[in-house]
Every structure is written in C-alpha cells, then in structure tokens.
Amino acid sequence: MGVPNRYQAKPGSVEFIFALSFLGTLMFQITLYCSYGNEVTIQSYRVLEACYMTEWVYRGPKVRQNLFLIMERSKRPMVMTAGKFVNLSLSSLVSVFRSAASYAMVLYQLYNA
C-alpha cells in the first residue's frame with residue numbers, strides 16, 4: 001500500500017532538487033538562529049565576571065551602584081526565545097534535528113511499506 005508515483009519526486013528531478021534545497025535552506029536558518037541565541041546566552045554569563053573584574057573599588061558611588069545593578073541582573077542569563085515558546089540554543093537545535101530525522105524515518109517507512 002505505497003503512495004502513488006505522482007506524489008513521489010524522482011531523485012534528480014526538478015521537484016526533488018527544489019525540495020532538497022528548500023530543506024537545506026530551512027535547516028541553515030534554524031542553525032543560524034539557534035547558534036546566535038546560544039552565543040547571546042554564553043556572553044550574558046560573562047557580563048557578571050567582566051563587571052567584577054573592572055576597577056570598581058576605585059570608582060565613585062554612582063558607578064559602583066550601577067555596576068552592582070548590572071551584576072545583580074546578570075545573575076539570570078539572557079535567553080533568546082522563539083515566540084516565548086522555545087529557547088534558541090544548541091540543545092534546541094539538536095532536538096529539532098532529531099525530531100525531523102524521526103519524522104522523516106516514519107514517513108519513509110509509511111510510504112515504502
């Protein structure tokens with residue numbers, strides 16, 4: 001009970017190449033968003049240490065107060081999200097790719113049974 005041939009693109013056909021390039025483009029875009037989101041999170045961890053390593057002891061009270069506020073805020077890392085639904089990080093990227101591979105294998109088994 002396979003799928004009729006009219007729904008399957010033959011390797012090397014225009015439809016197949018278009019679908020493959022579309023998939024590659026989507027994967028590239030997701031990779032960019034997640035890698036930059038991960039980088040933002042990593043850099044936000046470094047803000048606390050950078051503020052502490054400044055010569056804040058020799059500065060005025062206003063500068064010390066501002067540095068203290070920055071350090072307190074930086075105890076919680078900044079995390080980029082996609083619509084407040086999922087964190088954009090490398091672990092999310094791996095999860096998306098694993099899910100996509102699982103769905104592709106299910107569809108392959110379904111259509112080639």
# chains A, B, ... in the order shown; residues from 1 in each chain; ligands from 1
>>> select_by_dssp(residues="chain A", states="strand (DSSP E)", output="PyMOL selection string")
chain A and resi 81-82+86-87
>>> closest_atom_pairs(of="segment 28-63 of chain A", to="segment 94-105 of chain A", cutoff="10 Å", atoms="only C-alpha atoms", output="CSV")
residue,atom,partner,partner_atom,distance
A:Ile30,CA,A:Val96,CA,8.9
A:Thr31,CA,A:Val94,CA,9.4
A:Cys34,CA,A:Val94,CA,9.6
>>> write_last_selection(atoms="C-alpha atoms", output="PDB file, in the first residue's frame")
ATOM      1  CA  ILE A  30      17.296  27.324  12.115  1.00  0.00           C
ATOM      2  CA  THR A  31      21.004  26.715  12.704  1.00  0.00           C
ATOM      3  CA  CYS A  34      19.975  28.754  17.434  1.00  0.00           C
TER       4      CYS A  34
END
>>> atom_distance(atom1="atom CA of Met80 of chain A", atom2="atom CA of Gln43 of chain A")
12.0 Å
>>> select_by_dssp(residues="segment 46-88 of chain A", states="helix (DSSP H, G or I)", output="list in words")
Arg46, Val47, Leu48, Glu49, Ala50, Cys51, Tyr52, Met53, Trp56, Val57, Tyr58, Pro61, Lys62, Val63, Arg64, Gln65, Asn66, Leu67, Phe68, Leu69, Ile70, Met71, Glu72 and Arg73 of chain A
>>> closest_residue(among="A:Gln29, A:Val14, A:Phe22, A:Asn38", to="Thr81 of chain A", atoms="only C-alpha atoms")
A:Asn38
>>> closest_residue(among="A:Lys10, A:Tyr36, A:Leu48, A:Glu15", to="Pro77 of chain A", atoms="only C-alpha atoms")
A:Leu48
>>> residues_around(residues="segment 52-61 of chain A", least_positions_apart="6", cutoff="12 Å", atoms="only C-alpha atoms", output="JSON list (two decimals) with all heavy atoms, in the first residue's frame")
[["chain", "number", "residue", "atom", "x", "y", "z"],
["A", 46, "ARG", "N", 29.04, 36.01, 30.91],
["A", 46, "ARG", "CA", 30.34, 36.66, 31.10],
["A", 46, "ARG", "C", 30.23, 38.11, 31.60],
["A", 46, "ARG", "O", 31.22, 38.70, 31.99],
["A", 46, "ARG", "CB", 31.11, 36.63, 29.79],
["A", 46, "ARG", "CG", 31.48, 35.22, 29.39],
["A", 46, "ARG", "CD", 32.28, 35.22, 28.13],
["A", 46, "ARG", "NE", 32.61, 33.84, 27.76],
["A", 46, "ARG", "CZ", 33.06, 33.49, 26.59],
["A", 46, "ARG", "NH1", 33.25, 34.41, 25.66],
["A", 46, "ARG", "NH2", 33.33, 32.24, 26.32],
["A", 67, "LEU", "N", 27.24, 49.38, 38.57],
["A", 67, "LEU", "CA", 27.86, 48.07, 38.37],
["A", 67, "LEU", "C", 27.19, 47.00, 39.22],
["A", 67, "LEU", "O", 27.02, 45.86, 38.77],
["A", 67, "LEU", "CB", 29.36, 48.13, 38.68],
["A", 67, "LEU", "CG", 30.23, 48.78, 37.62],
["A", 67, "LEU", "CD1", 31.65, 48.94, 38.12],
["A", 67, "LEU", "CD2", 30.20, 47.97, 36.35],
["A", 68, "PHE", "N", 26.80, 47.35, 40.42],
["A", 68, "PHE", "CA", 26.10, 46.41, 41.28],
["A", 68, "PHE", "C", 24.76, 45.99, 40.66],
["A", 68, "PHE", "O", 24.42, 44.80, 40.65],
["A", 68, "PHE", "CB", 25.86, 47.02, 42.67],
["A", 68, "PHE", "CG", 25.07, 46.14, 43.57],
["A", 68, "PHE", "CD1", 25.64, 45.02, 44.15],
["A", 68, "PHE", "CD2", 23.74, 46.42, 43.84],
["A", 68, "PHE", "CE1", 24.91, 44.20, 44.99],
["A", 68, "PHE", "CE2", 22.99, 45.61, 44.66],
["A", 68, "PHE", "CZ", 23.58, 44.48, 45.24],
["A", 69, "LEU", "N", 24.04, 46.95, 40.10],
["A", 69, "LEU", "CA", 22.77, 46.63, 39.46],
["A", 69, "LEU", "C", 22.97, 45.73, 38.23],
["A", 69, "LEU", "O", 22.21, 44.78, 38.01],
["A", 69, "LEU", "CB", 22.03, 47.90, 39.06],
["A", 69, "LEU", "CG", 21.48, 48.73, 40.22],
["A", 69, "LEU", "CD1", 20.91, 50.04, 39.71],
["A", 69, "LEU", "CD2", 20.43, 47.95, 40.99],
["A", 70, "ILE", "N", 24.00, 46.02, 37.47],
["A", 70, "ILE", "CA", 24.30, 45.20, 36.29],
["A", 70, "ILE", "C", 24.66, 43.78, 36.73],
["A", 70, "ILE", "O", 24.20, 42.80, 36.14],
["A", 70, "ILE", "CB", 25.44, 45.82, 35.47],
["A", 70, "ILE", "CG1", 24.97, 47.11, 34.82],
["A", 70, "ILE", "CG2", 25.94, 44.85, 34.41],
["A", 70, "ILE", "CD1", 26.09, 47.92, 34.18],
["A", 71, "MET", "N", 25.48, 43.66, 37.78],
["A", 71, "MET", "CA", 25.88, 42.33, 38.26],
["A", 71, "MET", "C", 24.69, 41.55, 38.80],
["A", 71, "MET", "O", 24.57, 40.34, 38.59],
["A", 71, "MET", "CB", 26.98, 42.45, 39.31],
["A", 71, "MET", "CG", 28.31, 42.86, 38.73],
["A", 71, "MET", "SD", 29.69, 42.71, 39.86],
["A", 71, "MET", "CE", 29.31, 43.93, 41.10],
["A", 72, "GLU", "N", 23.79, 42.22, 39.50],
["A", 72, "GLU", "CA", 22.61, 41.53, 40.02],
["A", 72, "GLU", "C", 21.72, 41.04, 38.88],
["A", 72, "GLU", "O", 21.19, 39.94, 38.93],
["A", 72, "GLU", "CB", 21.81, 42.45, 40.95],
["A", 72, "GLU", "CG", 22.43, 42.60, 42.32],
["A", 72, "GLU", "CD", 22.52, 41.28, 43.06],
["A", 72, "GLU", "OE1", 21.54, 40.51, 43.09],
["A", 72, "GLU", "OE2", 23.61, 41.00, 43.61],
["A", 74, "SER", "N", 22.69, 40.34, 35.87],
["A", 74, "SER", "CA", 23.37, 39.33, 35.06],
["A", 74, "SER", "C", 23.46, 37.97, 35.75],
["A", 74, "SER", "O", 23.99, 37.03, 35.17],
["A", 74, "SER", "CB", 24.76, 39.82, 34.66],
["A", 74, "SER", "OG", 25.57, 39.95, 35.80]]
